[in-house]
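Peer 1: Following this line is protein_30.txt, made up of compact mmCIF, C-alpha atoms and all ligand atoms:
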```
# COMPACT_ATOMS: atom_id res chain seq x y z
CA MET D 1 -5.58 67.64 27.65
CA ALA D 2 -5.68 70.22 30.46
CA TYR D 3 -8.88 71.84 29.22
CA GLN D 4 -9.61 73.71 32.45
CA ASP D 5 -6.23 75.47 32.43
CA ILE D 6 -6.67 76.27 28.76
CA LEU D 7 -10.16 77.76 29.29
CA ASP D 8 -8.96 79.78 32.30
CA GLY D 9 -6.09 81.24 30.27
CA ILE D 10 -8.22 82.04 27.21
CA TYR D 11 -10.97 83.63 29.30
CA ASN D 12 -8.52 85.98 31.01
CA GLU D 13 -6.81 86.85 27.75
CA VAL D 14 -10.01 87.50 25.77
CA ASN D 15 -11.51 89.53 28.61
CA GLN D 16 -8.71 92.04 28.13
CA ILE D 17 -9.46 92.63 24.44
CA GLU D 18 -11.64 95.64 23.75
CA ASN D 19 -15.00 94.24 22.68
CA THR D 20 -16.07 96.28 19.66
CA GLY D 21 -19.24 94.23 19.14
CA LYS D 22 -22.84 95.34 19.68
CA VAL D 23 -25.79 93.53 21.25
CA ALA D 24 -28.53 92.66 18.72
CA ASP D 25 -31.40 95.09 19.20
CA TYR D 26 -33.56 94.37 16.17
CA ILE D 27 -35.32 91.91 18.47
CA PRO D 28 -36.08 94.38 21.32
CA GLU D 29 -36.28 91.69 23.99
CA LEU D 30 -32.68 90.60 23.22
CA ALA D 31 -31.37 94.13 23.82
CA LYS D 32 -32.25 93.76 27.52
CA VAL D 33 -29.46 91.26 28.16
CA ASP D 34 -26.34 92.23 30.15
CA ALA D 35 -23.84 92.91 27.35
CA ASN D 36 -20.84 91.93 29.47
CA LYS D 37 -21.83 88.33 30.12
CA TYR D 38 -19.16 85.86 29.02
CA GLY D 39 -19.17 82.13 29.56
CA ILE D 40 -17.48 79.05 28.13
CA ALA D 41 -18.32 75.34 28.52
CA LEU D 42 -16.40 72.44 27.02
CA LEU D 43 -17.57 68.85 27.16
CA ASP D 44 -15.06 66.17 26.24
CA LYS D 45 -15.96 62.81 24.73
CA HIS D 46 -16.18 61.21 28.18
CA GLN D 47 -18.78 63.86 29.12
CA ASN D 48 -16.43 65.67 31.49
CA VAL D 49 -17.56 69.29 31.77
CA PHE D 50 -15.15 72.23 31.96
CA THR D 51 -16.55 75.73 32.53
CA LYS D 52 -15.48 79.31 32.94
CA GLY D 53 -17.43 82.52 33.59
CA ASP D 54 -21.20 82.68 33.00
CA ALA D 55 -21.41 79.13 31.68
CA LEU D 56 -24.52 78.19 33.65
CA GLU D 57 -26.63 81.19 32.72
CA LYS D 58 -29.39 80.79 30.14
CA PHE D 59 -29.44 82.82 26.94
CA SER D 60 -31.44 82.89 23.71
CA ILE D 61 -29.98 80.37 21.27
CA GLN D 62 -31.63 81.99 18.20
CA SER D 63 -30.10 80.63 14.97
CA ILE D 64 -28.31 77.80 16.75
CA SER D 65 -31.75 76.14 16.86
CA LYS D 66 -31.59 75.79 13.06
CA VAL D 67 -29.08 72.94 13.42
CA ILE D 68 -31.51 71.00 15.61
CA THR D 69 -34.55 71.46 13.35
CA THR D 70 -32.50 70.63 10.24
CA SER D 71 -31.17 67.45 11.83
CA LEU D 72 -34.71 66.41 12.84
CA ILE D 73 -36.00 66.88 9.30
CA PHE D 74 -32.91 65.27 7.73
CA SER D 75 -33.29 62.22 9.97
CA LYS D 76 -37.00 62.04 9.08
CA ILE D 77 -37.02 62.57 5.29
CA GLY D 78 -33.39 62.01 4.24
CA ASN D 79 -32.16 63.33 0.91
CA GLU D 80 -35.62 64.51 -0.15
CA LEU D 81 -34.72 67.52 1.96
CA TRP D 82 -32.33 68.78 -0.69
CA GLU D 83 -35.20 69.28 -3.13
CA ARG D 84 -36.45 72.08 -0.85
CA VAL D 85 -33.17 73.66 0.32
CA GLY D 86 -29.57 73.60 -0.89
CA TYR D 87 -26.27 72.80 0.83
CA GLU D 88 -24.04 75.55 -0.52
CA PRO D 89 -22.64 78.49 1.44
CA SER D 90 -24.55 81.67 0.63
CA GLY D 91 -21.78 84.26 1.04
CA ASN D 92 -24.55 86.62 2.11
CA SER D 93 -25.86 87.87 5.44
CA PHE D 94 -28.13 85.61 7.46
CA ASN D 95 -31.34 87.46 6.57
CA SER D 96 -30.63 88.22 2.92
CA LEU D 97 -33.34 87.99 0.27
CA VAL D 98 -31.28 88.51 -2.87
CA GLN D 99 -30.45 84.99 -4.07
CA LEU D 100 -33.99 83.66 -3.83
CA GLU D 101 -35.32 85.44 -6.89
CA ASN D 102 -32.80 83.91 -9.31
CA GLU D 103 -32.80 80.53 -7.58
CA ASN D 104 -36.53 79.74 -7.75
CA GLY D 105 -37.19 80.23 -4.06
CA ILE D 106 -34.80 77.41 -3.07
CA PRO D 107 -32.65 78.83 -0.25
CA ARG D 108 -28.92 78.15 -0.51
CA ASN D 109 -28.73 76.28 2.80
CA PRO D 110 -30.82 75.50 5.91
CA PHE D 111 -28.97 77.94 8.21
CA ILE D 112 -29.71 81.26 6.53
CA ASN D 113 -33.13 82.54 7.62
CA ALA D 114 -34.68 81.68 4.23
CA GLY D 115 -33.57 78.05 4.58
CA ALA D 116 -34.58 77.81 8.22
CA LEU D 117 -38.08 78.99 7.30
CA VAL D 118 -38.36 76.16 4.76
CA ILE D 119 -37.19 73.74 7.47
CA ALA D 120 -39.82 75.22 9.83
CA ASP D 121 -42.42 74.58 7.13
CA LEU D 122 -41.22 70.96 6.92
CA MET D 123 -41.44 70.65 10.71
CA LEU D 124 -45.13 71.62 10.50
CA GLU D 125 -45.62 69.10 7.70
CA HIS D 126 -43.89 66.13 9.36
CA PHE D 127 -44.64 66.43 13.08
CA GLU D 128 -48.10 66.50 14.60
CA ASN D 129 -47.22 68.92 17.39
CA PRO D 130 -43.89 70.32 16.24
CA LYS D 131 -43.40 72.81 19.10
CA ALA D 132 -43.80 70.14 21.76
CA PHE D 133 -41.77 67.65 19.76
CA LEU D 134 -38.85 70.04 19.31
CA LEU D 135 -38.82 70.98 22.99
CA ASP D 136 -38.87 67.33 24.07
CA PHE D 137 -36.01 66.55 21.73
CA VAL D 138 -33.90 69.47 22.98
CA ARG D 139 -34.61 68.38 26.56
CA GLU D 140 -33.45 64.87 25.67
CA LEU D 141 -30.22 66.12 24.06
CA THR D 142 -29.39 68.55 26.88
CA GLU D 143 -30.56 66.09 29.58
CA ASN D 144 -32.29 69.12 31.04
CA PRO D 145 -36.10 69.04 31.51
CA ASN D 146 -36.11 72.77 32.31
CA ILE D 147 -35.37 73.97 28.77
CA ASN D 148 -38.20 76.17 27.47
CA TYR D 149 -39.29 78.63 24.84
CA ASN D 150 -39.14 82.25 25.95
CA GLU D 151 -42.57 83.55 24.97
CA ASN D 152 -41.50 87.21 25.41
CA VAL D 153 -38.61 86.80 22.98
CA ALA D 154 -40.81 84.97 20.46
CA GLN D 155 -43.50 87.67 20.61
CA SER D 156 -40.91 90.46 20.51
CA GLU D 157 -39.43 89.02 17.31
CA LYS D 158 -42.89 88.47 15.80
CA ALA D 159 -43.78 92.13 16.39
CA PHE D 160 -40.76 93.36 14.41
CA GLY D 161 -40.16 90.43 12.06
CA TYR D 162 -40.79 92.25 8.79
CA ARG D 163 -37.86 90.66 7.02
CA ASN D 164 -38.72 87.09 7.97
CA ALA D 165 -42.33 87.81 6.95
CA ALA D 166 -41.03 89.05 3.59
CA LEU D 167 -38.84 85.96 3.19
CA VAL D 168 -41.57 83.43 3.96
CA ASN D 169 -44.08 85.13 1.67
CA PHE D 170 -41.55 85.42 -1.13
CA ILE D 171 -40.59 81.75 -0.84
CA LYS D 172 -44.28 80.81 -0.78
CA SER D 173 -44.73 82.62 -4.11
CA PHE D 174 -42.35 79.95 -5.52
CA ASN D 175 -44.45 77.25 -3.86
CA ASN D 176 -41.58 76.22 -1.57
CA ILE D 177 -43.63 76.94 1.58
CA LYS D 178 -46.69 74.69 1.98
CA ASN D 179 -48.24 76.02 5.20
CA GLU D 180 -49.63 79.45 5.99
CA PRO D 181 -46.83 82.02 6.46
CA GLU D 182 -48.20 82.96 9.90
CA ALA D 183 -47.93 79.38 11.15
CA VAL D 184 -44.40 78.96 9.78
CA LEU D 185 -43.25 82.22 11.38
CA ASP D 186 -44.84 81.33 14.71
CA PHE D 187 -42.94 78.03 14.83
CA TYR D 188 -39.71 79.68 13.67
CA TYR D 189 -39.84 82.47 16.29
CA HIS D 190 -40.45 79.88 18.99
CA GLN D 191 -37.55 77.65 17.96
CA CYS D 192 -35.26 80.73 17.99
CA SER D 193 -36.49 81.71 21.46
CA ILE D 194 -35.28 78.51 23.15
CA GLU D 195 -33.03 79.33 26.09
CA MET D 196 -30.17 77.33 27.51
CA SER D 197 -26.76 77.75 29.10
CA CYS D 198 -23.34 77.08 27.60
CA VAL D 199 -23.25 73.76 29.47
CA ASP D 200 -26.65 72.79 28.01
CA LEU D 201 -25.55 73.84 24.56
CA ALA D 202 -22.29 71.89 24.63
CA LYS D 203 -24.31 68.86 25.78
CA CYS D 204 -26.96 69.41 23.10
CA PHE D 205 -24.35 69.23 20.31
CA GLN D 206 -22.58 66.10 21.61
CA VAL D 207 -24.67 64.05 19.19
CA PHE D 208 -22.78 65.69 16.29
CA ALA D 209 -19.39 64.95 17.88
CA ASN D 210 -20.43 61.37 18.56
CA ASN D 211 -21.26 60.05 15.07
CA GLY D 212 -24.96 60.77 15.50
CA VAL D 213 -25.31 58.77 18.73
CA ILE D 214 -26.97 60.45 21.75
CA PRO D 215 -24.40 59.73 24.51
CA LYS D 216 -26.81 59.30 27.42
CA SER D 217 -29.11 56.71 25.79
CA ASP D 218 -26.72 55.33 23.15
CA LYS D 219 -29.52 55.92 20.64
CA LYS D 220 -28.36 56.34 17.03
CA PHE D 221 -30.23 59.48 16.01
CA LEU D 222 -28.35 60.20 12.78
CA SER D 223 -26.57 57.73 10.51
CA THR D 224 -22.82 58.31 10.33
CA SER D 225 -23.27 59.75 6.85
CA LYS D 226 -26.03 62.14 7.94
CA CYS D 227 -23.96 63.24 10.92
CA LYS D 228 -21.03 63.94 8.59
CA ARG D 229 -23.31 66.05 6.42
CA MET D 230 -24.66 68.05 9.39
CA ASN D 231 -21.08 68.86 10.40
CA ALA D 232 -20.25 69.75 6.79
CA LEU D 233 -23.20 72.16 6.73
CA MET D 234 -22.07 73.78 9.98
CA GLN D 235 -18.57 74.13 8.56
CA MET D 236 -19.71 75.74 5.33
CA CYS D 237 -22.76 77.71 6.43
CA GLY D 238 -22.73 78.04 10.22
CA PHE D 239 -21.45 81.62 10.25
CA TYR D 240 -23.09 82.99 7.09
CA ASP D 241 -20.75 85.38 5.27
CA GLN D 242 -18.09 84.76 7.93
CA ALA D 243 -18.06 80.95 7.46
CA GLY D 244 -14.80 81.17 5.53
CA GLU D 245 -13.13 83.20 8.25
CA PHE D 246 -14.39 80.87 10.97
CA THR D 247 -13.01 77.87 9.08
CA PHE D 248 -9.76 79.73 8.43
CA LYS D 249 -9.21 80.80 12.02
CA VAL D 250 -10.94 78.11 14.09
CA GLY D 251 -11.13 75.05 11.86
CA LEU D 252 -14.18 73.38 13.43
CA PRO D 253 -17.83 73.04 12.36
CA GLY D 254 -20.01 75.37 14.38
CA LYS D 255 -23.05 77.60 14.60
CA SER D 256 -23.77 81.05 15.95
CA GLY D 257 -26.88 82.91 17.03
CA VAL D 258 -27.70 86.60 17.51
CA GLY D 259 -28.21 85.96 21.22
CA GLY D 260 -24.39 85.83 21.34
CA GLY D 261 -24.04 82.05 21.54
CA VAL D 262 -21.53 80.08 19.49
CA VAL D 263 -21.16 76.31 19.54
CA ALA D 264 -18.43 74.28 17.85
CA VAL D 265 -18.00 70.56 17.35
CA PHE D 266 -14.74 68.62 17.27
CA PRO D 267 -15.87 65.14 16.22
CA ASN D 268 -14.64 62.41 18.59
CA HIS D 269 -13.01 65.01 20.86
CA TYR D 270 -15.30 67.66 22.32
CA THR D 271 -18.08 70.19 21.93
CA VAL D 272 -17.62 73.74 23.14
CA ALA D 273 -20.09 76.57 23.67
CA VAL D 274 -19.34 80.24 24.27
CA TRP D 275 -21.75 83.02 25.15
CA SER D 276 -21.00 86.71 24.90
CA PRO D 277 -23.83 88.92 23.60
CA LYS D 278 -21.86 91.59 21.72
CA LEU D 279 -21.84 90.71 18.02
CA ASN D 280 -19.45 91.66 15.24
CA LYS D 281 -20.71 93.19 11.99
CA LYS D 282 -21.57 89.77 10.56
CA GLY D 283 -23.88 89.00 13.48
CA ASN D 284 -21.52 86.58 15.24
CA SER D 285 -20.32 86.86 18.85
CA PHE D 286 -17.11 88.92 18.92
CA TYR D 287 -15.67 87.23 22.01
CA GLY D 288 -17.10 83.90 20.90
CA LEU D 289 -14.91 83.84 17.82
CA GLU D 290 -11.86 85.17 19.68
CA THR D 291 -12.31 82.40 22.25
CA LEU D 292 -12.60 79.57 19.75
CA GLU D 293 -9.69 80.77 17.65
CA ARG D 294 -7.50 80.63 20.75
CA LEU D 295 -8.85 77.20 21.74
CA THR D 296 -7.82 75.46 18.53
CA THR D 297 -4.56 77.41 18.36
CA GLU D 298 -3.52 76.67 21.93
CA THR D 299 -4.48 73.00 21.78
CA SER D 300 -2.89 72.67 18.30
CA LEU D 301 -5.93 70.62 17.36
CA SER D 302 -8.70 71.15 14.85
CA ILE D 303 -10.29 69.00 12.16
CA PHE D 304 -7.67 70.19 9.68
O1 LIG D 401 -34.59 85.36 12.38
C1 LIG D 401 -33.80 86.03 13.02
O2 LIG D 401 -33.35 87.10 12.59
C2 LIG D 401 -33.37 85.53 14.38
N1 LIG D 401 -34.45 84.85 15.04
C3 LIG D 401 -32.22 84.57 14.27
C4 LIG D 401 -31.03 85.14 13.54
C5 LIG D 401 -29.70 84.64 14.01
O3 LIG D 401 -29.55 84.17 15.11
C6 LIG D 401 -28.57 84.86 13.09
N2 LIG D 401 -27.31 84.39 13.68
N3 LIG D 401 -26.28 84.87 13.88
```
Would you mind writing the file's structure down as structure tokens?
Ligand code: DON

Peer 2:
Amino acid sequence: MAYQDILDGIYNEVNQIENTGKVADYIPELAKVDANKYGIALLDKHQNVFTKGDALEKFSIQSISKVITTSLIFSKIGNELWERVGYEPSGNSFNSLVQLENENGIPRNPFINAGALVIADLMLEHFENPKAFLLDFVRELTENPNINYNENVAQSEKAFGYRNAALVNFIKSFNNIKNEPEAVLDFYYHQCSIEMSCVDLAKCFQVFANNGVIPKSDKKFLSTSKCKRMNALMQMCGFYDQAGEFTFKVGLPGKSGVGGGVVAVFPNHYTVAVWSPKLNKKGNSFYGLETLERLTTETSLSIF
């Protein structure tokens, strides 16, 4: 497949569409980013890298980090996880509180903020130094020792994180958070503040395209069944109340973040990451979705 030609063509085409999205500003530090950045990186199953635009520039991965923490907890505790969080699409926005009250404080899935906070709580429970552990793991997956938390972004989100504070306290009232809310939020804001480039991100998600095996070391991190389930979660819940549209138009499992990153996984074929900070009304990168829709259309390949 001539991926480079395809990326070149898509990049030029998408760049001509009027971008009606808006940069996330509810985390003030994120609003400082150059709104016109646009990069794409595709990594095929032989680890060949194809890039276009700002593919080597670091950005805030935000909610994309939820896939990594969920996979760490799933690999550690297995199906016990589903006693604390569900695996159904929520059909609601990423930071919604409404379903929790009628559902006993069990979030619908690990990718909405409510679910990710429960996963953060589990990270504190199951790892001695979860911040260091997570960073090491992300460095292993990306093969990049320079991946770090962005302390300014973490603190900026903490200062304005009223909704996440509400969520974690509300869930704790149902006894589905075991640690102190402050500690859970601190971990959560740090995981969201991790920065990497499109190339790093495509590399990071290779494990999900490769049956749970980390390509560089050949280490089986997730069983084939667990890897299938992680991809199923990304397919159903990766784009919140736009997960249906993403499946409809793109047809790959994936995950977005309010930093403007989107990553998608084509098992046994490739991973692809796009970064463009302007978000549509559902909080997903406007150009990111346009790019991926064209990729699966022009290659005539998706999981469906
Ligand atoms: O908790 C938040 O609101 C952010 N740290 C992450 C949200 C996010 O990335 C949603 N994704 N599109």

Peer 1: Can you list, as a PyMOL selection string, every protein, DNA or RNA residue that comes within 6 Å of stretch 186-196 of chain D when you count all atoms listed in the file, leaving out same-chain residues fewer than 5 positions away?

Peer 2: chain D and resi 58-63+65+120+148-150+153-154

Peer 1: Ligand LIG 401 (chain D): which residues are within 7 Å, counting all atoms listed in the file? Reply as JSON, numbers by chain.

Peer 2: {"D": [62, 63, 64, 94, 95, 113, 157, 164, 189, 192, 239, 256, 257, 258, 259, 283, 284]}

Peer 1: Record the distance separating atom CA of D:Ala41 and atom CA of D:Phe205, expressed in Å with one decimal.

Peer 2: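 Atom-to-atom, atom CA of D:Ala41 to atom CA of D:Phe205, that is 11.9 Å.
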
Peer 1: Write out as an MDAnalysis selection string which residues come within 9 Å of stretch 125-140 of chain D when counting all atoms listed in the file, dropping same-chain ones fewer than 2 positions away.

Peer 2: chainID D and resid 68:69 72:73 76:77 120:123 142:149 178:179 187 190:191 194 204 214 216

Peer 1: From the options D:Asn176, D:Thr70, D:Thr296, D:Gln47, which residue's atoms come nearest to D:Tyr87, counting all atoms listed in the file?

Peer 2: D:Thr70

Peer 1: How many Å lie between atom CA of D:Gln235 and atom CA of D:Ile40, rounded to one decimal?

Peer 2: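 Rounded to one decimal, the two atoms are 20.2 Å apart.
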
Peer 1: Around (-20.6, 80.2, -1.7), as given in the file, which residues come within 12 Å? Count all atoms listed in the file and list them as a PDB file with C-alpha atoms, keeping the file's coordinate frame.

Peer 2:
```
ATOM      1  CA  GLY D  86     -29.570  73.600  -0.890  1.00  0.00           C
ATOM      2  CA  TYR D  87     -26.270  72.800   0.830  1.00  0.00           C
ATOM      3  CA  GLU D  88     -24.040  75.550  -0.520  1.00  0.00           C
ATOM      4  CA  PRO D  89     -22.640  78.490   1.440  1.00  0.00           C
ATOM      5  CA  SER D  90     -24.550  81.670   0.630  1.00  0.00           C
ATOM      6  CA  GLY D  91     -21.780  84.260   1.040  1.00  0.00           C
ATOM      7  CA  ASN D  92     -24.550  86.620   2.110  1.00  0.00           C
ATOM      8  CA  SER D  93     -25.860  87.870   5.440  1.00  0.00           C
ATOM      9  CA  GLN D  99     -30.450  84.990  -4.070  1.00  0.00           C
ATOM     10  CA  ARG D 108     -28.920  78.150  -0.510  1.00  0.00           C
ATOM     11  CA  ASN D 109     -28.730  76.280   2.800  1.00  0.00           C
ATOM     12  CA  LEU D 233     -23.200  72.160   6.730  1.00  0.00           C
ATOM     13  CA  MET D 236     -19.710  75.740   5.330  1.00  0.00           C
ATOM     14  CA  CYS D 237     -22.760  77.710   6.430  1.00  0.00           C
ATOM     15  CA  TYR D 240     -23.090  82.990   7.090  1.00  0.00           C
ATOM     16  CA  ASP D 241     -20.750  85.380   5.270  1.00  0.00           C
ATOM     17  CA  GLN D 242     -18.090  84.760   7.930  1.00  0.00           C
ATOM     18  CA  ALA D 243     -18.060  80.950   7.460  1.00  0.00           C
ATOM     19  CA  GLY D 244     -14.800  81.170   5.530  1.00  0.00           C
TER      20      GLY D 244
END
```

Peer 1: What is the distance, in Å and to one decimal place, between atom CA of D:Phe50 and atom CA of D:Gly21?

Peer 2: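 One can read the atom CA of D:Phe50 to atom CA of D:Gly21 distance as 25.8 Å.
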
Peer 1: Compare D:Ile10, D:Ala55, D:Val23, D:Ala2 by their minimum atom-to-atom distance to D:Lys281, counting only C-alpha atoms, and give me the closest one.

Peer 2: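 Once distances to D:Lys281 are computed over only C-alpha atoms, the minimum belongs to D:Val23.
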
Peer 1: Padding 8 Å on every side, please: axis-aligned box over the listed atoms of stretch 44-50 of chain D, centre and edge lengths to one decimal in Å, as AutoDock Vina command-line options.

Peer 2:
```
--center_x -16.9 --center_y 66.7 --center_z 28.3 --size_x 19.7 --size_y 27.0 --size_z 23.2
```

Peer 1: Tell me which residues come within 10 Å of (-12.0, 79.8, 12.4), as a list in words, counting only C-alpha atoms in the file's coordinates.

Peer 2: Gln235, Phe239, Gln242, Ala243, Gly244, Glu245, Phe246, Thr247, Phe248, Lys249, Val250, Gly251, Leu252, Pro253, Gly254, Leu289, Glu290, Leu292, Glu293, Arg294, Thr296, Thr297 and Ser302 of chain D

Peer 1: Of the candidates D:Ser197, D:Asn231, D:Asn175, D:Asn104, which one gets nearest to D:Gly212 if we count all atoms listed in the file?

Peer 2: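 Closest to D:Gly212 of all the choices is D:Asn231.
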
Peer 1: Give the answer as one residue: which of D:Ser300, D:Ser276, D:Ser217, D:Ser285 has the shortest atom-to-atom distance to D:Tyr11, using only C-alpha atoms?

Peer 2: D:Ser276

Peer 1: For D:Phe74, please output as a PyMOL selection string all residues within 10 Å (counting all atoms listed in the file; exclusion window: fewer than 6 positions along the same chain).

Peer 2: chain D and resi 68+80-82+119+222+226-227+229-230

Peer 1: Which is closest to D:Met234 among D:Tyr26, D:Phe286, D:Phe221, D:Phe111, if we use all atoms listed in the file?

Peer 2: D:Phe111

Peer 1: Would you please work out which residue, of D:Pro277, D:Ser156, D:Asp218, D:Thr271, is nearest to D:Ile27 when using all atoms listed in the file?

Peer 2: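 Using all atoms listed in the file, the shortest distance to D:Ile27 belongs to D:Ser156.
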
Peer 1: I'd like the contact shell of D:His269 - 6 Å cut-off, all atoms listed in the file, skipping same-chain residues fewer than 2 positions apart - returned as a ChimeraX atom specification.

Peer 2: /D:44-45,266-267

Peer 1: Starting from the block above, write stretch 147-226 of chain D out to a file with C-alpha atoms, as a tab-separated table (two decimals), in the first residue's frame, please.

Peer 2:
```
chain	number	residue	atom	x	y	z
D	147	ILE	CA	8.15	11.14	27.17
D	148	ASN	CA	7.07	13.14	30.23
D	149	TYR	CA	4.19	14.60	32.16
D	150	ASN	CA	3.61	18.29	31.54
D	151	GLU	CA	3.37	19.68	35.06
D	152	ASN	CA	1.91	23.01	33.83
D	153	VAL	CA	-0.94	21.26	32.04
D	154	ALA	CA	-1.63	19.02	35.05
D	155	GLN	CA	-1.71	21.98	37.45
D	156	SER	CA	-3.78	24.07	35.02
D	157	GLU	CA	-6.41	21.33	34.84
D	158	LYS	CA	-6.34	20.84	38.62
D	159	ALA	CA	-7.03	24.55	39.16
D	160	PHE	CA	-10.21	24.44	37.05
D	161	GLY	CA	-11.22	20.79	37.41
D	162	TYR	CA	-14.55	21.35	39.16
D	163	ARG	CA	-16.37	18.75	37.11
D	164	ASN	CA	-13.83	15.98	37.64
D	165	ALA	CA	-13.81	16.86	41.36
D	166	ALA	CA	-17.61	16.53	41.36
D	167	LEU	CA	-17.41	13.20	39.53
D	168	VAL	CA	-14.83	11.62	41.83
D	169	ASN	CA	-16.65	12.75	44.98
D	170	PHE	CA	-19.99	11.56	43.64
D	171	ILE	CA	-18.57	8.14	42.72
D	172	LYS	CA	-16.93	7.92	46.15
D	173	SER	CA	-20.36	8.42	47.75
D	174	PHE	CA	-21.26	5.06	46.11
D	175	ASN	CA	-18.06	3.55	47.51
D	176	ASN	CA	-16.63	2.99	44.02
D	177	ILE	CA	-13.57	5.15	44.76
D	178	LYS	CA	-11.31	3.75	47.50
D	179	ASN	CA	-8.59	6.41	47.74
D	180	GLU	CA	-8.85	10.08	48.67
D	181	PRO	CA	-10.41	12.14	45.84
D	182	GLU	CA	-7.40	14.50	45.84
D	183	ALA	CA	-4.98	11.64	45.20
D	184	VAL	CA	-7.13	10.16	42.42
D	185	LEU	CA	-7.46	13.55	40.71
D	186	ASP	CA	-3.74	14.23	40.98
D	187	PHE	CA	-2.92	10.95	39.24
D	188	TYR	CA	-5.63	11.49	36.62
D	189	TYR	CA	-4.49	15.02	35.73
D	190	HIS	CA	-0.94	13.77	35.36
D	191	GLN	CA	-1.86	10.86	33.08
D	192	CYS	CA	-3.83	13.30	30.88
D	193	SER	CA	-0.87	15.70	30.73
D	194	ILE	CA	1.48	13.19	29.05
D	195	GLU	CA	2.92	14.66	25.87
D	196	MET	CA	4.01	12.88	22.73
D	197	SER	CA	4.08	13.29	18.96
D	198	CYS	CA	1.94	11.55	16.34
D	199	VAL	CA	4.86	9.19	15.64
D	200	ASP	CA	5.12	8.33	19.36
D	201	LEU	CA	1.39	7.83	19.59
D	202	ALA	CA	1.17	5.53	16.57
D	203	LYS	CA	4.04	3.53	18.08
D	204	CYS	CA	2.40	3.48	21.52
D	205	PHE	CA	-0.76	1.84	20.12
D	206	GLN	CA	1.04	-0.82	18.05
D	207	VAL	CA	0.48	-3.25	20.93
D	208	PHE	CA	-3.27	-3.14	20.20
D	209	ALA	CA	-2.72	-3.79	16.48
D	210	ASN	CA	-0.35	-6.64	17.27
D	211	ASN	CA	-2.52	-9.00	19.35
D	212	GLY	CA	-1.24	-7.56	22.62
D	213	VAL	CA	2.44	-8.14	21.80
D	214	ILE	CA	4.89	-5.21	22.20
D	215	PRO	CA	6.69	-5.28	18.82
D	216	LYS	CA	10.14	-4.19	20.00
D	217	SER	CA	10.55	-6.77	22.79
D	218	ASP	CA	8.07	-9.41	21.56
D	219	LYS	CA	6.61	-9.34	25.07
D	220	LYS	CA	2.98	-10.48	25.31
D	221	PHE	CA	1.45	-7.69	27.36
D	222	LEU	CA	-2.22	-8.53	26.78
D	223	SER	CA	-3.73	-11.93	26.01
D	224	THR	CA	-5.35	-12.09	22.57
D	225	SER	CA	-8.76	-11.98	24.23
D	226	LYS	CA	-7.90	-8.93	26.36
```
